[in-house]
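Below: work_34.txt (compact mmCIF, C-alpha atoms)
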```
# COMPACT_ATOMS: atom_id res chain seq x y z
CA MET A 1 -40.18 21.20 -8.43
CA ALA A 2 -39.14 17.60 -8.95
CA SER A 3 -39.46 15.12 -6.12
CA ARG A 4 -37.28 12.05 -5.90
CA ASN A 5 -36.86 8.72 -4.15
CA THR A 6 -33.83 6.49 -3.98
CA VAL A 7 -34.16 3.16 -5.77
CA SER A 8 -31.00 1.04 -5.81
CA THR A 9 -28.35 3.15 -7.60
CA GLU A 10 -31.00 5.15 -9.45
CA ARG A 11 -33.20 7.98 -8.33
CA VAL A 12 -36.80 8.17 -9.45
CA ILE A 13 -37.55 11.77 -10.36
CA ARG A 14 -40.71 13.59 -11.32
CA ILE A 15 -40.59 16.60 -13.62
CA SER A 16 -43.35 19.08 -14.31
CA ALA A 17 -43.99 19.52 -18.03
CA GLY A 18 -46.91 21.89 -18.46
CA PRO A 19 -50.10 20.19 -17.25
CA VAL A 20 -48.49 16.77 -16.74
CA THR A 21 -45.79 15.23 -14.58
CA LEU A 22 -43.17 13.02 -16.18
CA GLU A 23 -41.38 10.20 -14.40
CA GLY A 24 -37.81 9.15 -15.02
CA ASN A 25 -34.87 7.20 -13.64
CA LEU A 26 -31.68 9.21 -13.02
CA HIS A 27 -28.27 7.64 -12.48
CA VAL A 28 -25.10 9.73 -12.15
CA PRO A 29 -21.85 7.80 -11.56
CA LYS A 30 -18.96 9.20 -9.56
CA ASN A 31 -16.84 11.67 -11.57
CA ALA A 32 -19.35 11.63 -14.42
CA LEU A 33 -18.13 13.01 -17.73
CA GLY A 34 -21.60 14.05 -18.86
CA ALA A 35 -25.32 13.29 -18.70
CA VAL A 36 -27.36 11.64 -21.44
CA LEU A 37 -31.12 12.16 -21.73
CA PHE A 38 -33.02 9.37 -23.47
CA ALA A 39 -35.92 10.13 -25.82
CA HIS A 40 -38.16 7.17 -26.68
CA GLY A 41 -40.94 7.62 -29.18
CA SER A 42 -43.60 5.47 -27.54
CA GLY A 43 -43.07 7.20 -24.22
CA SER A 44 -41.95 4.16 -22.21
CA GLY A 45 -38.34 5.27 -22.15
CA ARG A 46 -37.43 4.09 -18.69
CA ARG A 47 -38.98 0.65 -19.12
CA SER A 48 -37.54 -0.08 -22.53
CA PRO A 49 -35.10 -3.02 -22.13
CA ARG A 50 -33.03 -1.69 -25.03
CA ASN A 51 -32.75 1.76 -23.50
CA ARG A 52 -31.92 0.30 -20.10
CA PHE A 53 -29.18 -1.86 -21.60
CA VAL A 54 -27.61 1.09 -23.42
CA ALA A 55 -27.91 3.27 -20.31
CA ALA A 56 -26.10 0.65 -18.23
CA GLU A 57 -23.26 0.56 -20.74
CA LEU A 58 -23.04 4.36 -20.77
CA GLY A 59 -22.82 4.27 -16.98
CA LYS A 60 -19.75 2.04 -17.24
CA ALA A 61 -18.20 4.79 -19.37
CA ARG A 62 -18.84 7.32 -16.55
CA LEU A 63 -21.86 8.90 -18.23
CA GLY A 64 -24.94 9.83 -16.24
CA THR A 65 -28.30 8.84 -17.72
CA LEU A 66 -31.88 10.00 -17.42
CA LEU A 67 -34.43 7.58 -18.84
CA ILE A 68 -37.75 9.38 -18.91
CA ASP A 69 -41.29 8.55 -20.02
CA LEU A 70 -42.32 11.33 -22.38
CA LEU A 71 -45.95 10.19 -22.19
CA THR A 72 -47.99 9.66 -19.03
CA ARG A 73 -49.47 6.23 -18.36
CA GLU A 74 -52.88 7.48 -19.46
CA GLU A 75 -51.40 8.82 -22.70
CA GLU A 76 -49.53 5.57 -23.28
CA ALA A 77 -52.79 3.65 -22.97
CA VAL A 78 -54.34 5.88 -25.62
CA ASP A 79 -51.25 5.67 -27.81
CA ALA A 80 -51.26 1.87 -27.62
CA LYS A 81 -54.60 1.94 -29.43
CA THR A 82 -54.08 4.86 -31.82
CA ALA A 83 -50.24 5.14 -32.18
CA HIS A 84 -50.69 8.86 -32.85
CA LEU A 85 -49.01 10.43 -29.79
CA ARG A 86 -45.67 8.80 -30.57
CA PHE A 87 -45.73 10.74 -33.84
CA ASP A 88 -46.60 14.05 -32.17
CA ILE A 89 -43.03 15.34 -32.46
CA GLY A 90 -43.90 18.78 -31.11
CA LEU A 91 -45.39 17.29 -27.94
CA LEU A 92 -42.47 14.91 -27.38
CA ALA A 93 -39.90 17.65 -28.03
CA ALA A 94 -41.59 20.08 -25.61
CA ARG A 95 -41.45 17.49 -22.86
CA LEU A 96 -37.86 16.67 -23.68
CA VAL A 97 -37.06 20.38 -23.28
CA SER A 98 -38.68 20.31 -19.80
CA ALA A 99 -36.47 17.37 -18.86
CA THR A 100 -33.45 19.17 -20.31
CA ASP A 101 -34.14 22.26 -18.22
CA TRP A 102 -34.43 20.08 -15.12
CA LEU A 103 -31.00 18.55 -15.79
CA LEU A 104 -29.50 21.98 -16.40
CA GLN A 105 -30.79 23.16 -13.00
CA SER A 106 -30.31 20.06 -10.83
CA PRO A 107 -27.23 20.37 -8.54
CA GLN A 108 -26.13 16.86 -9.50
CA THR A 109 -26.07 17.49 -13.25
CA ARG A 110 -26.09 21.22 -13.92
CA ASN A 111 -22.35 21.35 -14.62
CA LEU A 112 -22.28 18.21 -16.75
CA PRO A 113 -22.34 18.54 -20.54
CA LEU A 114 -25.58 17.17 -21.92
CA GLY A 115 -26.26 14.63 -24.67
CA TYR A 116 -29.40 13.17 -26.23
CA PHE A 117 -29.99 9.51 -27.12
CA GLY A 118 -33.06 9.22 -29.34
CA ALA A 119 -34.80 6.08 -30.61
CA SER A 120 -37.56 5.72 -33.20
CA THR A 121 -39.65 8.91 -33.33
CA GLY A 122 -37.80 10.05 -30.21
CA ALA A 123 -34.91 10.75 -32.58
CA ALA A 124 -36.91 13.51 -34.23
CA ALA A 125 -37.98 14.84 -30.83
CA ALA A 126 -34.34 14.96 -29.75
CA LEU A 127 -33.37 16.97 -32.82
CA VAL A 128 -36.25 19.44 -32.38
CA ALA A 129 -35.45 19.84 -28.65
CA ALA A 130 -31.76 20.39 -29.47
CA SER A 131 -32.71 23.17 -31.87
CA GLN A 132 -34.64 24.84 -29.04
CA ARG A 133 -31.75 24.51 -26.60
CA ASP A 134 -29.02 25.50 -29.02
CA GLY A 135 -25.57 25.35 -27.46
CA GLN A 136 -26.70 23.36 -24.43
CA VAL A 137 -26.68 19.94 -26.10
CA GLY A 138 -23.15 18.71 -26.67
CA ALA A 139 -23.78 15.49 -28.62
CA ILE A 140 -26.63 13.45 -30.11
CA VAL A 141 -26.91 9.73 -30.88
CA LEU A 142 -29.94 8.35 -32.73
CA ARG A 143 -30.72 4.60 -32.83
CA GLY A 144 -32.99 3.28 -35.55
CA GLY A 145 -34.50 6.72 -35.58
CA ARG A 146 -36.76 8.83 -37.75
CA PRO A 147 -34.72 12.03 -37.99
CA ASP A 148 -36.62 12.87 -41.16
CA LEU A 149 -39.60 13.80 -38.98
CA ALA A 150 -37.59 16.70 -37.54
CA GLY A 151 -38.11 18.46 -40.88
CA SER A 152 -36.90 22.04 -41.14
CA VAL A 153 -34.73 21.99 -37.98
CA LEU A 154 -32.13 19.62 -39.50
CA PRO A 155 -29.95 22.35 -41.07
CA HIS A 156 -29.88 24.18 -37.73
CA ILE A 157 -28.48 21.29 -35.67
CA GLU A 158 -24.89 22.05 -34.64
CA ALA A 159 -24.27 19.34 -32.03
CA PRO A 160 -22.13 16.40 -33.22
CA THR A 161 -24.67 13.79 -34.33
CA LEU A 162 -24.30 10.03 -34.80
CA LEU A 163 -26.98 8.06 -36.66
CA ILE A 164 -27.04 4.28 -36.07
CA VAL A 165 -29.18 2.06 -38.28
CA GLY A 166 -29.49 -1.70 -38.75
CA GLY A 167 -28.23 -3.05 -42.07
CA GLU A 168 -31.52 -4.87 -42.67
CA ASP A 169 -33.65 -1.82 -41.86
CA ILE A 170 -33.65 -0.70 -45.49
CA PRO A 171 -36.37 2.02 -45.43
CA VAL A 172 -34.86 3.63 -42.32
CA ILE A 173 -31.37 3.60 -43.85
CA ASP A 174 -32.61 5.74 -46.71
CA LEU A 175 -34.41 8.14 -44.35
CA ASN A 176 -31.29 8.51 -42.20
CA GLN A 177 -29.01 9.09 -45.18
CA LYS A 178 -31.22 11.90 -46.43
CA ALA A 179 -31.38 13.40 -42.93
CA LEU A 180 -27.59 13.16 -42.61
CA ASP A 181 -27.19 15.18 -45.79
CA GLN A 182 -29.43 17.91 -44.37
CA LEU A 183 -27.90 18.09 -40.89
CA GLY A 184 -26.01 21.31 -40.24
CA ALA A 185 -23.60 19.70 -37.77
CA LYS A 186 -19.95 19.79 -38.85
CA ARG A 187 -19.35 16.48 -37.11
CA LYS A 188 -21.92 13.94 -38.20
CA GLN A 189 -21.82 10.27 -39.14
CA LEU A 190 -24.09 7.43 -40.23
CA VAL A 191 -23.11 3.95 -39.03
CA ILE A 192 -24.89 0.90 -40.42
CA ILE A 193 -24.62 -2.28 -38.34
CA PRO A 194 -24.56 -5.26 -40.73
CA GLY A 195 -27.29 -7.85 -40.24
CA ALA A 196 -29.20 -5.83 -37.66
CA THR A 197 -32.92 -5.15 -37.97
CA HIS A 198 -34.91 -2.20 -36.65
CA LEU A 199 -34.83 -3.26 -32.97
CA PHE A 200 -31.24 -4.54 -33.01
CA GLU A 201 -32.33 -7.88 -31.52
CA GLU A 202 -29.61 -9.90 -33.28
CA PRO A 203 -26.69 -11.22 -31.15
CA GLY A 204 -24.15 -8.46 -30.53
CA ALA A 205 -26.14 -5.77 -32.37
CA LEU A 206 -27.30 -3.82 -29.33
CA GLU A 207 -23.87 -4.19 -27.75
CA GLU A 208 -22.41 -2.49 -30.82
CA VAL A 209 -24.99 0.30 -30.53
CA ALA A 210 -23.98 0.86 -26.91
CA ARG A 211 -20.27 0.83 -27.76
CA LEU A 212 -20.69 3.34 -30.57
CA ALA A 213 -22.88 5.58 -28.42
CA ALA A 214 -20.47 5.52 -25.46
CA ASP A 215 -17.50 6.36 -27.66
CA TRP A 216 -19.39 9.23 -29.33
CA PHE A 217 -20.64 10.72 -26.08
CA VAL A 218 -17.35 10.35 -24.19
CA HIS A 219 -15.39 12.02 -26.98
CA HIS A 220 -17.76 14.87 -27.73
CA LEU A 221 -19.14 15.54 -24.26
CA ARG A 222 -15.65 15.59 -22.78
CA ALA A 223 -14.71 18.17 -25.39
CA ALA A 224 -17.86 20.14 -24.55
CA ARG A 225 -17.21 20.02 -20.82
CA VAL A 226 -13.61 21.05 -20.60
CA LEU A 227 -12.61 24.56 -19.66
CA TYR A 228 -9.10 24.36 -21.11
CA ARG A 229 -7.49 22.50 -23.96
CA ASP A 230 -4.28 22.05 -21.97
CA ARG A 231 -2.23 23.68 -19.22
CA ALA A 232 -0.66 26.19 -21.59
CA GLU A 233 -4.05 27.51 -22.64
CA ALA A 234 -5.09 27.62 -18.98
CA GLY A 235 -2.01 29.70 -18.21
CA ARG A 236 -2.78 32.18 -20.97
CA GLN A 237 -6.35 32.63 -19.75
CA LEU A 238 -5.20 32.95 -16.14
CA ALA A 239 -2.68 35.61 -17.15
CA THR A 240 -5.48 37.83 -18.46
CA LEU A 241 -6.93 37.92 -14.94
CA LEU A 242 -3.56 38.91 -13.51
CA ARG A 243 -2.89 41.86 -15.84
CA ALA A 244 -2.57 44.25 -12.88
CA TYR A 245 0.74 42.54 -12.03
CA ALA A 246 2.29 42.91 -15.49
CA ASP A 247 5.66 44.66 -15.93
CA ARG A 248 6.18 45.17 -12.19
CA PRO A 249 9.77 44.72 -10.98
CA ASP A 250 8.65 43.33 -7.62
CA VAL A 251 6.58 40.47 -9.05
CA LEU A 252 7.81 36.88 -9.05
CA VAL A 253 5.87 33.92 -10.48
CA LEU A 254 6.33 30.66 -8.57
CA ALA A 255 5.11 27.28 -9.85
CA LEU A 256 4.29 24.15 -7.90
CA PRO A 257 5.90 21.31 -9.86
CA ARG A 258 5.11 19.54 -11.90
CA GLY A 259 1.64 20.39 -13.19
CA GLY A 260 1.86 24.05 -12.24
CA VAL A 261 4.94 24.74 -14.35
CA PRO A 262 3.34 24.86 -17.85
CA VAL A 263 0.61 27.11 -16.43
CA ALA A 264 3.07 29.40 -14.66
CA PHE A 265 5.37 29.59 -17.70
CA GLU A 266 2.59 31.22 -19.74
CA VAL A 267 1.65 33.54 -16.87
CA ALA A 268 5.28 34.66 -16.39
CA ARG A 269 5.70 35.18 -20.13
CA LEU A 270 2.59 37.33 -20.49
CA LEU A 271 3.23 39.32 -17.29
CA ASN A 272 6.90 39.81 -18.19
CA ALA A 273 7.88 38.43 -14.80
CA PRO A 274 10.62 36.02 -13.68
CA LEU A 275 9.70 32.38 -13.07
CA ASP A 276 10.91 29.94 -10.44
CA VAL A 277 9.65 26.73 -8.86
CA PHE A 278 8.68 26.32 -5.24
CA MET A 279 9.16 22.77 -4.09
CA VAL A 280 6.71 21.40 -1.52
CA ARG A 281 6.48 17.81 -0.29
CA LYS A 282 3.52 16.81 1.82
CA LEU A 283 4.25 14.89 5.03
CA GLY A 284 1.65 12.15 4.98
CA VAL A 285 0.37 10.47 8.12
CA PRO A 286 1.80 6.92 8.28
CA GLY A 287 -0.88 4.46 7.18
CA CYS A 288 -2.94 7.28 5.69
CA LYS A 289 -0.64 9.13 3.32
CA GLU A 290 -3.43 11.21 1.83
CA MET A 291 -3.84 12.96 5.19
CA ALA A 292 -1.23 15.67 5.67
CA MET A 293 0.42 16.23 9.03
CA GLY A 294 2.62 18.92 7.52
CA ALA A 295 4.96 19.70 4.67
CA ILE A 296 8.53 20.58 3.82
CA ALA A 297 9.44 23.17 1.24
CA THR A 298 12.23 24.88 -0.66
CA GLY A 299 14.91 26.28 1.65
CA GLY A 300 14.63 23.53 4.27
CA LEU A 301 11.36 24.86 5.67
CA ARG A 302 9.09 22.57 7.66
CA VAL A 303 5.46 23.36 8.44
CA LEU A 304 3.41 21.13 10.74
CA ASN A 305 -0.32 20.83 11.23
CA GLU A 306 -0.14 20.99 15.00
CA ASP A 307 -3.79 20.04 15.44
CA ALA A 308 -3.36 16.88 13.37
CA VAL A 309 -0.10 15.96 15.08
CA ARG A 310 -1.63 16.41 18.54
CA SER A 311 -4.96 14.69 17.86
CA LEU A 312 -3.29 11.69 16.22
CA GLY A 313 -0.52 11.46 18.81
CA ILE A 314 2.26 11.50 16.21
CA SER A 315 5.71 11.44 17.79
CA ASP A 316 8.65 13.62 16.82
CA HIS A 317 10.50 10.46 15.81
CA VAL A 318 7.81 9.57 13.26
CA ILE A 319 7.70 13.13 11.93
CA ASP A 320 11.47 13.21 11.52
CA ALA A 321 11.47 9.87 9.68
CA VAL A 322 8.78 10.94 7.23
CA ALA A 323 10.41 14.35 6.74
CA ALA A 324 13.82 12.79 6.04
CA ARG A 325 12.35 10.54 3.36
CA GLU A 326 10.48 13.39 1.67
CA HIS A 327 13.51 15.68 1.98
CA LYS A 328 15.54 13.32 -0.21
CA GLU A 329 12.92 13.53 -2.96
CA LEU A 330 12.69 17.32 -2.57
CA GLU A 331 16.46 17.67 -2.91
CA ARG A 332 16.48 15.38 -5.94
CA ARG A 333 13.91 17.53 -7.70
CA GLU A 334 15.63 20.75 -6.62
CA ARG A 335 18.87 19.57 -8.27
CA LEU A 336 17.02 18.27 -11.30
CA TYR A 337 15.03 21.43 -11.94
CA ARG A 338 17.35 24.17 -10.73
CA GLY A 339 20.82 22.66 -11.00
CA ASN A 340 23.30 24.84 -9.10
CA ARG A 341 21.13 27.95 -9.19
CA PRO A 342 19.97 29.07 -5.74
CA PRO A 343 16.28 29.78 -5.05
CA THR A 344 15.15 33.30 -5.89
CA ASP A 345 15.07 35.73 -2.97
CA MET A 346 11.43 36.23 -1.94
CA ARG A 347 11.92 39.04 0.56
CA GLY A 348 9.72 42.06 -0.06
CA ARG A 349 8.35 40.69 -3.33
CA THR A 350 4.85 40.07 -4.59
CA VAL A 351 4.77 36.34 -5.24
CA ILE A 352 2.17 34.76 -7.53
CA LEU A 353 1.95 31.09 -6.55
CA ILE A 354 0.52 28.89 -9.31
CA ASP A 355 -0.68 25.31 -9.75
CA ASP A 356 -2.85 23.71 -12.47
CA GLY A 357 -5.81 23.40 -10.11
CA LEU A 358 -7.03 22.99 -6.54
CA ALA A 359 -8.88 19.95 -5.26
CA THR A 360 -8.33 19.62 -1.51
CA GLY A 361 -5.72 22.40 -1.59
CA SER A 362 -3.49 20.73 1.03
CA THR A 363 -0.29 21.19 -0.99
CA MET A 364 -1.10 24.81 -1.80
CA ARG A 365 -1.88 25.60 1.83
CA ALA A 366 1.44 24.08 2.86
CA ALA A 367 3.19 26.15 0.19
CA VAL A 368 1.59 29.37 1.42
CA ALA A 369 2.54 28.62 5.03
CA ALA A 370 6.13 27.83 4.07
CA LEU A 371 6.40 30.83 1.77
CA ARG A 372 5.31 33.19 4.57
CA ARG A 373 8.53 32.40 6.41
CA LEU A 374 10.62 33.66 3.49
CA GLY A 375 9.36 37.22 3.89
CA PRO A 376 7.40 38.09 0.72
CA ALA A 377 5.42 41.33 0.84
CA ARG A 378 2.34 39.69 -0.70
CA ILE A 379 1.26 36.14 -1.66
CA VAL A 380 -1.21 35.70 -4.50
CA VAL A 381 -2.52 32.18 -5.13
CA ALA A 382 -3.70 31.79 -8.74
CA VAL A 383 -5.11 28.65 -10.41
CA PRO A 384 -7.14 28.04 -13.58
CA VAL A 385 -9.74 25.90 -11.78
CA GLY A 386 -10.53 24.88 -8.23
CA ALA A 387 -13.14 23.38 -5.96
CA PRO A 388 -15.34 26.23 -4.68
CA ASP A 389 -14.85 25.42 -0.97
CA THR A 390 -11.08 25.11 -1.39
CA CYS A 391 -10.87 28.42 -3.24
CA ALA A 392 -12.82 30.09 -0.44
CA GLU A 393 -10.50 28.61 2.20
CA LEU A 394 -7.36 29.81 0.40
CA ARG A 395 -8.67 33.38 0.47
CA ASN A 396 -8.29 33.23 4.24
CA GLU A 397 -4.67 32.09 4.04
CA ALA A 398 -3.16 33.98 1.10
CA ASP A 399 -3.29 37.75 0.63
CA GLU A 400 -5.26 37.07 -2.54
CA ALA A 401 -6.62 33.83 -4.02
CA LEU A 402 -7.76 33.80 -7.62
CA CYS A 403 -9.58 30.75 -9.01
CA ALA A 404 -10.38 31.55 -12.63
CA ARG A 405 -13.15 28.93 -12.57
CA ALA A 406 -14.79 27.22 -9.59
CA PRO A 407 -17.40 24.80 -11.04
CA GLU A 408 -19.84 22.89 -8.84
CA PRO A 409 -19.84 19.91 -8.63
CA PHE A 410 -16.07 19.89 -9.01
CA HIS A 411 -15.02 16.19 -8.84
CA ALA A 412 -11.36 16.46 -9.98
CA VAL A 413 -8.91 18.91 -11.59
CA GLY A 414 -8.22 16.71 -14.62
CA LEU A 415 -11.86 16.65 -15.71
CA TRP A 416 -11.64 20.30 -16.72
CA TYR A 417 -8.75 19.79 -19.16
CA LEU A 418 -8.94 18.10 -22.54
CA ASP A 419 -5.26 17.20 -22.28
CA PHE A 420 -4.19 16.49 -18.69
CA ALA A 421 -1.23 14.26 -19.41
CA GLN A 422 1.32 13.98 -16.64
CA VAL A 423 4.06 16.61 -16.84
CA THR A 424 7.50 15.03 -16.90
CA ASP A 425 10.67 16.17 -15.16
CA GLU A 426 12.15 16.84 -18.59
CA GLU A 427 9.30 19.18 -19.51
CA VAL A 428 9.77 21.09 -16.26
CA ARG A 429 13.51 21.49 -16.91
CA ASP A 430 12.91 22.58 -20.50
CA LEU A 431 10.35 25.22 -19.55
CA LEU A 432 12.51 26.61 -16.74
CA ALA A 433 15.53 26.74 -19.03
CA LYS A 434 13.50 28.49 -21.73
CA ALA A 435 12.17 30.99 -19.22
CA ALA A 436 15.68 31.66 -17.90
CA GLU A 437 16.97 32.25 -21.41
CA GLU A 438 14.10 34.38 -22.71
CA TYR A 439 12.81 36.21 -19.66
CA GLY A 440 15.76 36.42 -17.30
CA THR A 441 14.31 33.91 -14.86
CA PHE A 442 16.29 33.42 -11.63
CA GLU A 443 18.44 36.45 -12.33
CA ARG A 444 16.07 39.40 -12.38
CA GLY A 445 15.60 40.79 -8.92
CA ALA A 446 17.62 38.01 -7.33
```
What is this structure when it is put down as structure tokens?
Amino acid sequence: MASRNTVSTERVIRISAGPVTLEGNLHVPKNALGAVLFAHGSGSGRRSPRNRFVAAELGKARLGTLLIDLLTREEEAVDAKTAHLRFDIGLLAARLVSATDWLLQSPQTRNLPLGYFGASTGAAAALVAASQRDGQVGAIVLRGGRPDLAGSVLPHIEAPTLLIVGGEDIPVIDLNQKALDQLGAKRKQLVIIPGATHLFEEPGALEEVARLAADWFVHHLRAARVLYRDRAEAGRQLATLLRAYADRPDVLVLALPRGGVPVAFEVARLLNAPLDVFMVRKLGVPGCKEMAMGAIATGGLRVLNEDAVRSLGISDHVIDAVAAREHKELERRERLYRGNRPPTDMRGRTVILIDDGLATGSTMRAAVAALRRLGPARIVVAVPVGAPDTCAELRNEADEALCARAPEPFHAVGLWYLDFAQVTDEEVRDLLAKAAEEYGTFERGA
């Protein structure tokens, strides 16, 4: 098991790799998009100033980094005299696999898509390790590398691979071009930085390496991480888990605007159920709006968190003022989305309440509490993705709570979508109108 100490913003970790223990520096920024493991041929990966510079730039792009020494200090001393261990690609790759497995198991990184950044002969080690962990490496970037030393594994590499070479590093350019031709990856590219030599010591050269690497990793690791392409795809997948409610006359699908509407539209379509929106406005505590003291909902319902109101000493006057302000916005959206159509009657129905995801779940909890007062027979909360603790809490409040995915660590709903653009009022109106026209929304069972 790895032990660790805290050093500044990095953690020093130790990883068992067969008979030896490897040391590395791990840094994972808040809301990280992925984790990048560095492979340095001479073994001194975490002390390399070039690697440290690139790692710092990747951190600015919200990418975690693990800079690890693939050789022990004793092995480095031997290698400094013989230079043979840095060319032992099998040895370096095996140790890179051990570090990979550690990242895939560590609570801080196990749900982050993984990339490799290889330099010199570490480039070949990265390719060999990727072939041994097929499907678990989402992107590869090689700087001034020797991918040719990976030999027969090149056609089997599927991860998107970027090769970066200095324009003055003529022999390595040729080796990288030949390796590029052999790579099996569908997405692969060779970038030559004009005027740069093998170590990219020229002004601006290493900065360009870091920029190219960050762009490559952010694009490809984000694509590797996401659970859903967009809300519509999330809705279609969620609907498959709700098949038991298909074609039932008592079922009503309710969406929390705005993000929940594209999800709920697909669910209603595939379940052959009517669709409506359920408006909820959180009543934020003055001076701390993120903290909810209650909520108002469709139909003039008001739900208060009595514990919060009592502990914070919030007066009725303050509650009324906040509620009046939020009620104006709720009415505006009600008119905008529903026009003159009244809310669907909930009494005795099985209501599937949908949003695009659950973070803290405060709005969903308020919706469930408000919906209870309208007399449905059963409330089912259904979301494509949610924080594990929040999903567990909702199971105690709804009759059923279905989180299609509950990854840990969770961070934020938007990280699990490739396209999480804000849903506009116009999109909500269009989807509701389409549902009303095609699936009898608002009329069936009303």
Identify, on the basis of only C-alpha atoms, every residue whose closest approach to stretch 398-403 of chain A does not exceed 8 Å; exclude the query and any residue fewer than 4 positions from it along the same chain; express the result as a compact mmCIF listing (two decimals) with C-alpha atoms, in the frame of the given file.
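around_15.txt, written as the output of this step:
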```
# COMPACT_ATOMS: atom_id res chain seq x y z
CA VAL A 368 1.59 29.37 1.42
CA ARG A 378 2.34 39.69 -0.70
CA ILE A 379 1.26 36.14 -1.66
CA VAL A 380 -1.21 35.70 -4.50
CA VAL A 381 -2.52 32.18 -5.13
CA ALA A 382 -3.70 31.79 -8.74
CA VAL A 383 -5.11 28.65 -10.41
CA PRO A 384 -7.14 28.04 -13.58
CA VAL A 385 -9.74 25.90 -11.78
CA GLY A 386 -10.53 24.88 -8.23
CA CYS A 391 -10.87 28.42 -3.24
CA LEU A 394 -7.36 29.81 0.40
```
Write out as an MDAnalysis selection string which residues come within 12 Å of A:Leu330 when counting all atoms listed in the file, dropping same-chain ones fewer than 5 positions away.
chainID A and resid 257 277:283 295:301 323:325 335:338
Considering all atoms listed in the file, return as a ChimeraX atom specification whatever protein or nucleic-acid residues lie within 9 Å of A:Glu57, sequence-local ones (same chain, fewer than 5 positions apart) excluded.
/A:52,63,207,210-211,214
Would you pick out the contacts of stretch 106-117 of chain A at 8 Å or less, using all atoms listed in the file, so that residues sharing its chain but fewer than 6 positions from it are not included, and give the list as a list in words?
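Neighbouring residues, sequence-local ones excluded: Val28, Ala32, Leu33, Gly34, Ala35, Val36, Leu37, Phe38, Ala39, Ala123, Ala126, Gln136, Val137, Gly138, Ala139, Ile140, Val141, Leu142, Arg143, Phe217, Leu221, Arg222, Ala224, Arg225, Pro407, Glu408 and Pro409 of chain A.
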Taking only C-alpha atoms into account, which of A:Ala292, A:Ala404, A:Val209, A:Ala387 comes nearest A:Ile319?
A:Ala292
Residue contacts of stretch 145-155 of chain A (8 Å, all atoms listed in the file) excluding same-chain residues fewer than 5 positions away, as a count of residues only:
24
